[in-house]
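Source file work_0.txt; content: compact mmCIF, C-alpha atoms.
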```
# COMPACT_ATOMS: atom_id res chain seq x y z
CA MET A 192 -11.32 -3.15 -21.51
CA GLY A 193 -8.64 -5.64 -22.53
CA PHE A 194 -6.26 -7.88 -20.66
CA SER A 195 -2.74 -6.65 -20.01
CA ILE A 196 -0.07 -9.06 -18.79
CA SER A 197 1.97 -6.18 -17.37
CA ASN A 198 -0.98 -4.85 -15.36
CA ALA A 199 -1.87 -8.36 -14.18
CA ALA A 200 1.70 -8.87 -12.94
CA LEU A 201 1.67 -5.55 -11.07
CA ARG A 202 -1.70 -6.33 -9.53
CA ILE A 203 -0.81 -9.87 -8.48
CA VAL A 204 2.43 -8.77 -6.79
CA SER A 205 1.03 -5.77 -4.95
CA GLY A 206 -2.42 -7.20 -4.23
CA GLY A 207 -1.02 -10.48 -2.93
CA PHE A 208 1.49 -8.68 -0.72
CA ILE A 209 -1.14 -6.38 0.81
CA LEU A 210 -3.74 -9.14 1.22
CA ASN A 211 -1.21 -11.33 3.03
CA SER A 212 -0.17 -8.41 5.24
CA GLY A 213 -3.80 -7.80 6.22
CA ILE A 214 -4.44 -11.47 6.97
CA ASN A 215 -1.33 -11.57 9.16
CA LYS A 216 -2.66 -8.60 11.16
CA LEU A 217 -6.04 -10.20 11.97
CA ASN A 218 -4.88 -11.21 15.48
CA LEU A 219 -2.43 -8.38 16.01
CA PRO A 220 -1.35 -8.06 19.66
CA ALA A 221 -2.38 -4.72 21.23
CA GLU A 222 1.23 -3.63 21.83
CA HIS A 223 2.14 -4.24 18.17
CA ALA A 224 -1.01 -2.37 17.04
CA ALA A 225 -0.04 0.51 19.35
CA GLY A 226 3.42 0.70 17.75
CA LEU A 227 1.97 0.77 14.24
CA GLN A 228 -0.58 3.34 15.34
CA GLU A 229 2.13 5.58 16.78
CA MET A 230 3.96 5.53 13.44
CA ALA A 231 0.77 6.04 11.42
CA GLN A 232 -0.39 9.06 13.40
CA ARG A 233 2.71 10.97 12.33
CA ALA A 234 1.21 11.05 8.82
CA ILE A 235 -2.49 10.75 9.73
CA PRO A 236 -3.07 12.35 13.15
CA GLN A 237 -6.73 11.23 13.29
CA VAL A 238 -5.74 7.59 13.90
CA GLY A 239 -4.55 8.69 17.35
CA HIS A 240 -8.19 8.91 18.45
CA LEU A 241 -8.66 5.14 18.10
CA LYS A 242 -7.88 2.48 20.67
CA PRO A 243 -4.88 0.42 19.53
CA GLU A 244 -7.08 -2.70 19.20
CA GLN A 245 -9.49 -0.77 16.95
CA PHE A 246 -6.63 0.59 14.87
CA GLY A 247 -5.19 -2.91 14.41
CA LYS A 248 -8.55 -4.32 13.29
CA TYR A 249 -9.23 -1.40 10.92
CA LEU A 250 -5.74 -1.67 9.46
CA SER A 251 -6.14 -5.41 8.96
CA TYR A 252 -9.58 -5.07 7.34
CA SER A 253 -8.37 -2.21 5.15
CA GLU A 254 -5.40 -4.20 3.89
CA ILE A 255 -7.57 -7.25 3.22
CA GLY A 256 -10.09 -5.12 1.35
CA LEU A 257 -7.45 -3.28 -0.67
CA GLY A 258 -5.56 -6.46 -1.53
CA THR A 259 -8.80 -8.10 -2.66
CA LEU A 260 -9.77 -5.06 -4.75
CA ILE A 261 -6.39 -5.01 -6.49
CA LEU A 262 -6.56 -8.76 -7.21
CA THR A 263 -10.14 -8.67 -8.56
CA PRO A 264 -9.86 -8.90 -12.36
CA PHE A 265 -13.03 -6.96 -13.24
CA ILE A 266 -11.95 -3.90 -11.23
CA PRO A 267 -10.37 -1.45 -13.72
CA SER A 268 -6.61 -1.11 -13.33
CA ARG A 269 -6.88 2.65 -12.96
CA LEU A 270 -9.26 2.27 -10.02
CA ALA A 271 -6.94 -0.31 -8.45
CA GLY A 272 -4.03 2.08 -9.05
CA LEU A 273 -5.90 4.97 -7.47
CA ALA A 274 -6.70 2.93 -4.34
CA LEU A 275 -3.14 1.61 -4.14
CA GLY A 276 -1.81 5.15 -4.63
CA ALA A 277 -3.81 6.51 -1.71
CA PHE A 278 -2.72 3.64 0.52
CA SER A 279 0.95 3.71 -0.48
CA GLY A 280 1.02 7.51 -0.20
CA GLY A 281 0.08 7.18 3.45
CA LEU A 282 2.74 4.52 3.94
CA VAL A 283 5.43 6.61 2.26
CA ALA A 284 4.47 9.63 4.39
CA THR A 285 4.70 7.48 7.51
CA TYR A 286 8.14 6.22 6.46
CA LEU A 287 9.42 9.74 5.76
CA LYS A 288 8.04 11.18 9.04
CA THR A 289 9.19 8.42 11.38
CA PRO A 290 12.49 9.24 13.10
CA GLY A 291 15.28 6.77 12.48
CA MET A 292 13.86 5.37 9.24
CA THR A 293 15.95 7.49 6.85
CA GLU A 294 19.58 8.52 6.54
CA ALA A 295 20.52 12.18 7.07
CA ASP A 296 19.36 12.99 3.51
CA GLY A 297 15.78 12.19 4.56
CA VAL A 298 15.15 9.66 1.78
CA ARG A 299 17.58 6.74 1.77
CA PRO A 300 16.59 4.10 4.33
CA THR A 301 18.55 3.20 7.41
CA VAL A 302 18.78 -0.46 8.39
CA ALA A 303 15.63 0.05 10.48
CA GLY A 304 13.88 1.83 7.60
CA THR A 305 14.62 -0.74 4.90
CA PRO A 306 11.47 -2.82 5.57
CA LEU A 307 9.37 0.33 5.20
CA ALA A 308 11.13 1.49 2.04
CA LYS A 309 9.11 -1.12 0.11
CA ASP A 310 6.27 1.36 0.21
CA PHE A 311 8.00 3.24 -2.59
CA TRP A 312 7.64 0.29 -4.94
CA LEU A 313 3.95 0.10 -4.04
CA ALA A 314 3.66 3.79 -5.00
CA GLY A 315 5.52 3.06 -8.25
CA ILE A 316 3.11 0.23 -9.05
CA ALA A 317 0.19 2.59 -8.38
CA VAL A 318 1.59 5.12 -10.86
CA ALA A 319 2.10 2.39 -13.47
CA LEU A 320 -1.49 1.16 -13.06
CA LEU A 321 -2.87 4.70 -13.25
CA PHE A 322 -0.99 5.84 -16.31
CA ASN A 323 -0.52 2.70 -18.39
CA ARG A 324 -2.15 3.41 -21.75
CA LYS A 325 -2.79 0.80 -24.40
CA ARG A 326 -1.50 1.80 -27.79
CA ALA A 327 -3.87 1.55 -30.71
CA ALA A 328 -2.94 -1.20 -33.14
CA SER A 329 -1.12 0.17 -36.13
CA ASN A 330 -2.91 -0.05 -39.46
CA ASN A 331 0.45 -0.08 -41.30
CA GLN A 332 1.07 -3.78 -41.11
```
Written as structure tokens, how would this file's structure read?
Amino acid sequence: MGFSISNAALRIVSGGFILNSGINKLNLPAEHAAGLQEMAQRAIPQVGHLKPEQFGKYLSYSEIGLGTLILTPFIPSRLAGLALGAFSGGLVATYLKTPGMTEADGVRPTVAGTPLAKDFWLAGIAVALLFNRKRAASNNQ
């Protein structure tokens, strides 16, 4: 397992973003947690069974854990990409299923949806981490 500058850059950007997001949600007001929960249950109906305060705490802890996992150097990039892919897949599904987030074509973001459209770059980073292959050094030097 070698070091890859491109993978490190992808992991620092996405891991730092998610870790910061989780830390900022540690003291999430109940009404804000309820709003996030309402959006999330469009893609994952089971979260509707939680109290908004529980959902906010679980979301915060999950983001902190995921951000830390992605930033941890000894975690293989493919594992980090797999975890990020699962997380960003849920975010993208939430974005696509929330009314008012997309234009009439169902993909391009509205003004309200632009902050959520960043979830697509998280999904792109996950794909890059999953499928980045190191090329064997050429013997024809």
Using all atoms listed in the file, which residue out of A:Ile266, A:Ser205, A:Leu307, A:Glu244 lies closest to A:Glu222? A:Glu244
Can you list, as a list in words, every protein, DNA or RNA residue that comes within 8 Å of stretch 268-273 of chain A when you count all atoms listed in the file, leaving out same-chain residues fewer than 5 positions away? Asn198, Leu260, Ile261, Ile316, Ala317, Val318, Ala319, Leu320, Leu321 and Phe322 of chain A
In terms of all atoms listed in the file, the residue from A:Leu262, A:Ala225, A:Ile235, A:Ala295 at minimal distance from A:Ala199 is A:Leu262
I need the residue nearest A:Gly281 from this list: A:Ala221, A:Leu210, A:Met230, A:Ala303. Use all atoms listed in the file for the distance.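 Closest to A:Gly281, using all atoms listed in the file: A:Met230.
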Report, in Å with one decimal, the straight-line distance from atom CA of A:Ala284 to atom CA of A:Arg324. 27.7 Å
N, CA and C atoms for stretch 206-225 of chain A, written as a compact mmCIF listing (two decimals), in the frame of the given file, could you do that?
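New file rebuild-v4.txt:
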```txt
# COMPACT_ATOMS: atom_id res chain seq x y z
N GLY A 206 -1.20 -6.73 -4.89
CA GLY A 206 -2.42 -7.20 -4.23
C GLY A 206 -2.16 -8.37 -3.30
N GLY A 207 -1.36 -9.33 -3.76
CA GLY A 207 -1.02 -10.48 -2.93
C GLY A 207 -0.24 -10.09 -1.69
N PHE A 208 0.69 -9.15 -1.85
CA PHE A 208 1.49 -8.68 -0.72
C PHE A 208 0.61 -8.01 0.32
N ILE A 209 -0.29 -7.13 -0.12
CA ILE A 209 -1.14 -6.38 0.81
C ILE A 209 -2.18 -7.30 1.44
N LEU A 210 -2.76 -8.19 0.67
CA LEU A 210 -3.74 -9.14 1.22
C LEU A 210 -3.09 -10.00 2.31
N ASN A 211 -1.91 -10.52 2.05
CA ASN A 211 -1.21 -11.33 3.03
C ASN A 211 -0.89 -10.52 4.29
N SER A 212 -0.47 -9.27 4.10
CA SER A 212 -0.17 -8.41 5.24
C SER A 212 -1.41 -8.21 6.11
N GLY A 213 -2.55 -7.98 5.48
CA GLY A 213 -3.80 -7.80 6.22
C GLY A 213 -4.22 -9.05 6.96
N ILE A 214 -4.09 -10.20 6.32
CA ILE A 214 -4.44 -11.47 6.97
C ILE A 214 -3.55 -11.71 8.18
N ASN A 215 -2.26 -11.39 8.05
CA ASN A 215 -1.33 -11.57 9.16
C ASN A 215 -1.61 -10.63 10.33
N LYS A 216 -2.35 -9.56 10.09
CA LYS A 216 -2.66 -8.60 11.16
C LYS A 216 -4.01 -8.88 11.82
N LEU A 217 -4.72 -9.93 11.40
CA LEU A 217 -6.04 -10.20 11.97
C LEU A 217 -6.01 -10.37 13.49
N ASN A 218 -5.00 -10.99 14.03
CA ASN A 218 -4.88 -11.21 15.48
C ASN A 218 -3.67 -10.46 16.03
N LEU A 219 -3.56 -9.21 15.63
CA LEU A 219 -2.43 -8.38 16.01
C LEU A 219 -2.46 -8.09 17.51
N PRO A 220 -1.39 -8.39 18.24
CA PRO A 220 -1.35 -8.06 19.66
C PRO A 220 -1.49 -6.54 19.86
N ALA A 221 -2.11 -6.14 20.96
CA ALA A 221 -2.38 -4.72 21.23
C ALA A 221 -1.10 -3.89 21.23
N GLU A 222 0.00 -4.42 21.77
CA GLU A 222 1.23 -3.63 21.83
C GLU A 222 1.81 -3.42 20.43
N HIS A 223 1.66 -4.40 19.56
CA HIS A 223 2.14 -4.24 18.17
C HIS A 223 1.25 -3.23 17.43
N ALA A 224 -0.07 -3.33 17.65
CA ALA A 224 -1.01 -2.37 17.04
C ALA A 224 -0.70 -0.96 17.51
N ALA A 225 -0.37 -0.80 18.80
CA ALA A 225 -0.04 0.51 19.35
C ALA A 225 1.22 1.09 18.68
```
